[in-house]
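Reviewing the structure listed below.
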Amino acid sequence: MPSIRRVVIAVFPDVDLLDVTGPAEVFALTNRETGGAAGYRVELAARERGEVTTSAGLRLVADRSFDEVDGALDTLLVPGAVEAGPGGQVARVDGDVVAWVARVAPLARRVVSVCTGAHLLAAAGLLDGRTVATHWSTAAQLADAHPEITVDPDPIFVRCGNVWTGAGISSCMDLALALVAEDLGEDVALAVARQLVLYLRRPGGQSQFSVPLSRPPATRRDIDDLRMFIVDHLSGDLSTAALAARMCLSERHFARVFRQETGTTPGAYVEAARVEAARHLLEGTDQPLEQVAVSCGLGSVQTLHRALRKRAGTTPGAYRRRFRMTV
């Protein structure tokens, strides 16, 4: 008999459907790929046994109530839910779910959040002092509510000790595959990825969004226009001095306004946009690294190496091998 890896997933009204079913499908396919040797057993837990309506309007059936969950767990997985807020969608933080998560987390070998489930882990006190990921649209909300947490809005998932946090939506599949790789090795995870027709399994460091979408729209239209200008002119002079001149502002005043509106410095924003452009070229073209560096405004292969390692934790060559999209 294979050892059982007990995975308990929290479900509650309006939970994001894919955050639940995506990881569950990965674990089920892993069992099938290994002839049952993986031993994953997925259970759904809710306030009460029975049907729970998800954000998609489809209903899931909880195997047990929160009160009935006891004993050792291999993995506690907490998905998220959102609701409309004044400035867009916000994460929903349900006090009953938070209390249950705080109670059962010590029973689990590892704790995992998907998408805005990170807000529930944070409210339960499980993320203090950690670097975490969540869906980009609620990253600022999480950071504001929990200054003791370092929120990185860029990667698709982050591991910090025995706590994993993911960005959500389709990246829940990447996160689940990473859990499988930890448990059973890369070969099994890649075999499951093939079954899912996920040709490339993304590491956590890959960005979850494009740079212009990484922050909500600025309150100043001219800053939003400048952000688009930056993306369209990556090989040009995008120094702080040049951008300030374009805005008809002093460098100091421009830098202050840009940070207020975007949450980052002009230099960091430009570098992020250039690295994103480099990623696209590495994924979709055969351009030599020298040409990639020049095309996206990084200038030299050395600068490309430094910037990509800083922002993606890898080298241009390794990134191209992992994410190459064309034949």
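Ordering of the structure tokens sets the chain letters (A, B, ...), residue numbers begin anew at 1 in every chain, and ligands are numbered from 1 in the order given.
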### Task
Might you pull out every residue within 6 Å of Asp128 (chain A), with only C-alpha atoms counted and same-chain residues fewer than 2 positions away left off, and present them as a ChimeraX atom specification?
/A:126,130,148-149
### Secondary structure check, alpha helix (DSSP H) residues of region 82-137 of chain A, as a PyMOL selection string
chain A and resi 95-104+117-123
### Message
Just list as a count of residues only whatever in region 69-170 of chain A DSSP marks as strand (DSSP E).
### Response
32
Using 12 Å as the limit and counting only C-alpha atoms, can you tabulate each residue of region 116-142 of chain A that touches region 9-12 of chain A, with its shortest atom-to-atom distance in Å and the two atoms involved, as JSON lines?
{"residue": "A:Gly117", "atom": "CA", "partner": "A:Ala10", "partner_atom": "CA", "distance": 9.7}
{"residue": "A:Leu120", "atom": "CA", "partner": "A:Ala10", "partner_atom": "CA", "distance": 10.8}
{"residue": "A:Leu121", "atom": "CA", "partner": "A:Ala10", "partner_atom": "CA", "distance": 11.8}
Can I get the selected residues back with N, CA and C atoms, as a compact mmCIF listing (two decimals), in the first residue's frame?
# COMPACT_ATOMS: atom_id res chain seq x y z
N GLY A 117 -6.06 33.47 -1.46
CA GLY A 117 -5.99 32.71 -0.22
C GLY A 117 -4.88 33.18 0.69
N LEU A 120 -6.05 35.03 3.66
CA LEU A 120 -6.54 34.21 4.77
C LEU A 120 -5.38 33.70 5.62
N LEU A 121 -4.30 33.26 4.95
CA LEU A 121 -3.12 32.83 5.71
C LEU A 121 -2.55 33.99 6.52
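Of note, CA of Glu43 (chain A) and CA of Trp100 (chain A) are spaced 15.1 Å apart.
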Report as JSON lines: every residue of region 79-172 of chain A with an atom at most 12 Å from region 44-49 of chain A, its closest pair of atoms, and their distance in Å to one decimal, counting only C-alpha atoms, with rows sorted by chain and ascending residue number.
{"residue": "A:Pro79", "atom": "CA", "partner": "A:Leu44", "partner_atom": "CA", "distance": 11.3}
{"residue": "A:Asp94", "atom": "CA", "partner": "A:Arg47", "partner_atom": "CA", "distance": 11.2}
{"residue": "A:Gly95", "atom": "CA", "partner": "A:Arg47", "partner_atom": "CA", "distance": 11.5}
{"residue": "A:Asp96", "atom": "CA", "partner": "A:Arg47", "partner_atom": "CA", "distance": 8.0}
{"residue": "A:Val97", "atom": "CA", "partner": "A:Arg47", "partner_atom": "CA", "distance": 8.0}
{"residue": "A:Val98", "atom": "CA", "partner": "A:Arg47", "partner_atom": "CA", "distance": 11.6}
{"residue": "A:Ala99", "atom": "CA", "partner": "A:Arg47", "partner_atom": "CA", "distance": 11.3}
{"residue": "A:Trp100", "atom": "CA", "partner": "A:Arg47", "partner_atom": "CA", "distance": 9.2}
{"residue": "A:Val101", "atom": "CA", "partner": "A:Ala45", "partner_atom": "CA", "distance": 10.9}
{"residue": "A:Val104", "atom": "CA", "partner": "A:Ala45", "partner_atom": "CA", "distance": 11.4}
Suppose we keep all heavy atoms; can you now write the selection as a PDB file, in the first residue's frame?
ATOM      1  N   PRO A  79      -7.608  28.231  -0.946  1.00  0.00           N
ATOM      2  CA  PRO A  79      -7.871  29.103  -2.094  1.00  0.00           C
ATOM      3  C   PRO A  79      -8.460  30.427  -1.631  1.00  0.00           C
ATOM      4  O   PRO A  79      -8.582  30.674  -0.417  1.00  0.00           O
ATOM      5  CB  PRO A  79      -8.883  28.288  -2.909  1.00  0.00           C
ATOM      6  CG  PRO A  79      -9.614  27.498  -1.878  1.00  0.00           C
ATOM      7  CD  PRO A  79      -8.639  27.219  -0.757  1.00  0.00           C
ATOM      8  N   ASP A  94     -12.766  35.832   5.360  1.00  0.00           N
ATOM      9  CA  ASP A  94     -13.844  35.263   6.169  1.00  0.00           C
ATOM     10  C   ASP A  94     -13.281  34.834   7.523  1.00  0.00           C
ATOM     11  O   ASP A  94     -12.377  33.997   7.594  1.00  0.00           O
ATOM     12  CB  ASP A  94     -14.452  34.072   5.432  1.00  0.00           C
ATOM     13  CG  ASP A  94     -15.660  33.495   6.141  1.00  0.00           C
ATOM     14  OD1 ASP A  94     -15.518  33.071   7.303  1.00  0.00           O
ATOM     15  OD2 ASP A  94     -16.747  33.441   5.524  1.00  0.00           O
ATOM     16  N   GLY A  95     -13.821  35.399   8.587  1.00  0.00           N
ATOM     17  CA  GLY A  95     -13.301  35.131   9.925  1.00  0.00           C
ATOM     18  C   GLY A  95     -13.370  33.667  10.326  1.00  0.00           C
ATOM     19  O   GLY A  95     -12.463  33.150  10.993  1.00  0.00           O
ATOM     20  N   ASP A  96     -14.433  32.963   9.939  1.00  0.00           N
ATOM     21  CA  ASP A  96     -14.558  31.548  10.293  1.00  0.00           C
ATOM     22  C   ASP A  96     -13.487  30.714   9.601  1.00  0.00           C
ATOM     23  O   ASP A  96     -12.915  29.792  10.198  1.00  0.00           O
ATOM     24  CB  ASP A  96     -15.938  31.027   9.907  1.00  0.00           C
ATOM     25  CG  ASP A  96     -17.046  31.595  10.779  1.00  0.00           C
ATOM     26  OD1 ASP A  96     -16.733  32.091  11.882  1.00  0.00           O
ATOM     27  OD2 ASP A  96     -18.212  31.540  10.351  1.00  0.00           O
ATOM     28  N   VAL A  97     -13.220  31.034   8.336  1.00  0.00           N
ATOM     29  CA  VAL A  97     -12.187  30.307   7.604  1.00  0.00           C
ATOM     30  C   VAL A  97     -10.823  30.594   8.211  1.00  0.00           C
ATOM     31  O   VAL A  97      -9.989  29.691   8.380  1.00  0.00           O
ATOM     32  CB  VAL A  97     -12.212  30.678   6.107  1.00  0.00           C
ATOM     33  CG1 VAL A  97     -11.118  29.922   5.349  1.00  0.00           C
ATOM     34  CG2 VAL A  97     -13.580  30.382   5.492  1.00  0.00           C
ATOM     35  N   VAL A  98     -10.577  31.850   8.547  1.00  0.00           N
ATOM     36  CA  VAL A  98      -9.295  32.236   9.148  1.00  0.00           C
ATOM     37  C   VAL A  98      -9.069  31.472  10.449  1.00  0.00           C
ATOM     38  O   VAL A  98      -7.975  30.930  10.701  1.00  0.00           O
ATOM     39  CB  VAL A  98      -9.253  33.751   9.398  1.00  0.00           C
ATOM     40  CG1 VAL A  98      -8.042  34.126  10.253  1.00  0.00           C
ATOM     41  CG2 VAL A  98      -9.226  34.512   8.077  1.00  0.00           C
ATOM     42  N   ALA A  99     -10.092  31.403  11.303  1.00  0.00           N
ATOM     43  CA  ALA A  99      -9.952  30.704  12.583  1.00  0.00           C
ATOM     44  C   ALA A  99      -9.661  29.224  12.359  1.00  0.00           C
ATOM     45  O   ALA A  99      -8.834  28.624  13.064  1.00  0.00           O
ATOM     46  CB  ALA A  99     -11.222  30.885  13.413  1.00  0.00           C
ATOM     47  N   TRP A 100     -10.317  28.608  11.383  1.00  0.00           N
ATOM     48  CA  TRP A 100     -10.080  27.192  11.094  1.00  0.00           C
ATOM     49  C   TRP A 100      -8.667  26.967  10.566  1.00  0.00           C
ATOM     50  O   TRP A 100      -7.986  26.033  10.982  1.00  0.00           O
ATOM     51  CB  TRP A 100     -11.109  26.694  10.093  1.00  0.00           C
ATOM     52  CG  TRP A 100     -10.863  25.275   9.673  1.00  0.00           C
ATOM     53  CD1 TRP A 100     -11.107  24.154  10.405  1.00  0.00           C
ATOM     54  CD2 TRP A 100     -10.301  24.846   8.434  1.00  0.00           C
ATOM     55  NE1 TRP A 100     -10.730  23.037   9.689  1.00  0.00           N
ATOM     56  CE2 TRP A 100     -10.243  23.422   8.477  1.00  0.00           C
ATOM     57  CE3 TRP A 100      -9.861  25.503   7.288  1.00  0.00           C
ATOM     58  CZ2 TRP A 100      -9.739  22.671   7.425  1.00  0.00           C
ATOM     59  CZ3 TRP A 100      -9.366  24.751   6.231  1.00  0.00           C
ATOM     60  CH2 TRP A 100      -9.306  23.356   6.302  1.00  0.00           C
ATOM     61  N   VAL A 101      -8.233  27.837   9.662  1.00  0.00           N
ATOM     62  CA  VAL A 101      -6.872  27.712   9.111  1.00  0.00           C
ATOM     63  C   VAL A 101      -5.841  27.817  10.226  1.00  0.00           C
ATOM     64  O   VAL A 101      -4.872  27.039  10.277  1.00  0.00           O
ATOM     65  CB  VAL A 101      -6.633  28.788   8.026  1.00  0.00           C
ATOM     66  CG1 VAL A 101      -5.156  28.877   7.663  1.00  0.00           C
ATOM     67  CG2 VAL A 101      -7.468  28.481   6.785  1.00  0.00           C
ATOM     68  N   VAL A 104      -5.827  24.388  12.138  1.00  0.00           N
ATOM     69  CA  VAL A 104      -5.355  23.151  11.513  1.00  0.00           C
ATOM     70  C   VAL A 104      -3.970  23.272  10.887  1.00  0.00           C
ATOM     71  O   VAL A 104      -3.337  22.252  10.601  1.00  0.00           O
ATOM     72  CB  VAL A 104      -6.361  22.637  10.454  1.00  0.00           C
ATOM     73  CG1 VAL A 104      -7.699  22.340  11.106  1.00  0.00           C
ATOM     74  CG2 VAL A 104      -6.506  23.616   9.306  1.00  0.00           C
TER      75      VAL A 104
END
### Query
Counting only C-alpha atoms, which of A:Arg246, A:Ala102, A:Val8, A:Glu33 gets nearest to Glu68 (chain A)?
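The answer is A:Val8, which sits nearest to Glu68 (chain A).
Distances here use only C-alpha atoms; by that measure, the residue among A:Ser170, A:Thr54, A:Thr30, A:Gln287 closest to Asp187 (chain A) is A:Thr30.
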### Query
Quick one: residues within 12 Å of Pro316 (chain A), only C-alpha atoms counted, chain neighbours fewer than 2 positions away excluded, as a PyMOL selection string?
chain A and resi 275-276+278-283+287-290+292-293+301-314+318-324
Between region 3-28 of chain A and region 81-84 of chain A, at 8 Å or less, what are the per-residue closest atom pairs and their distances in Å? Count only C-alpha atoms, order by chain and rising residue number, and return it as a Markdown table.
| residue | atom | partner | partner_atom | distance |
| --- | --- | --- | --- | --- |
| A:Asp14 | CA | A:Ala81 | CA | 6.1 |
| A:Val15 | CA | A:Ala81 | CA | 4.7 |
| A:Asp16 | CA | A:Ala81 | CA | 5.6 |
#### Entry: Residues near Ala176 (chain A), cut-off 8 Å, only C-alpha atoms, skip fewer than 6 positions along chain, as a list in words
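Within the cut-off, the hits are Pro23, Val26 and Phe27 of chain A.
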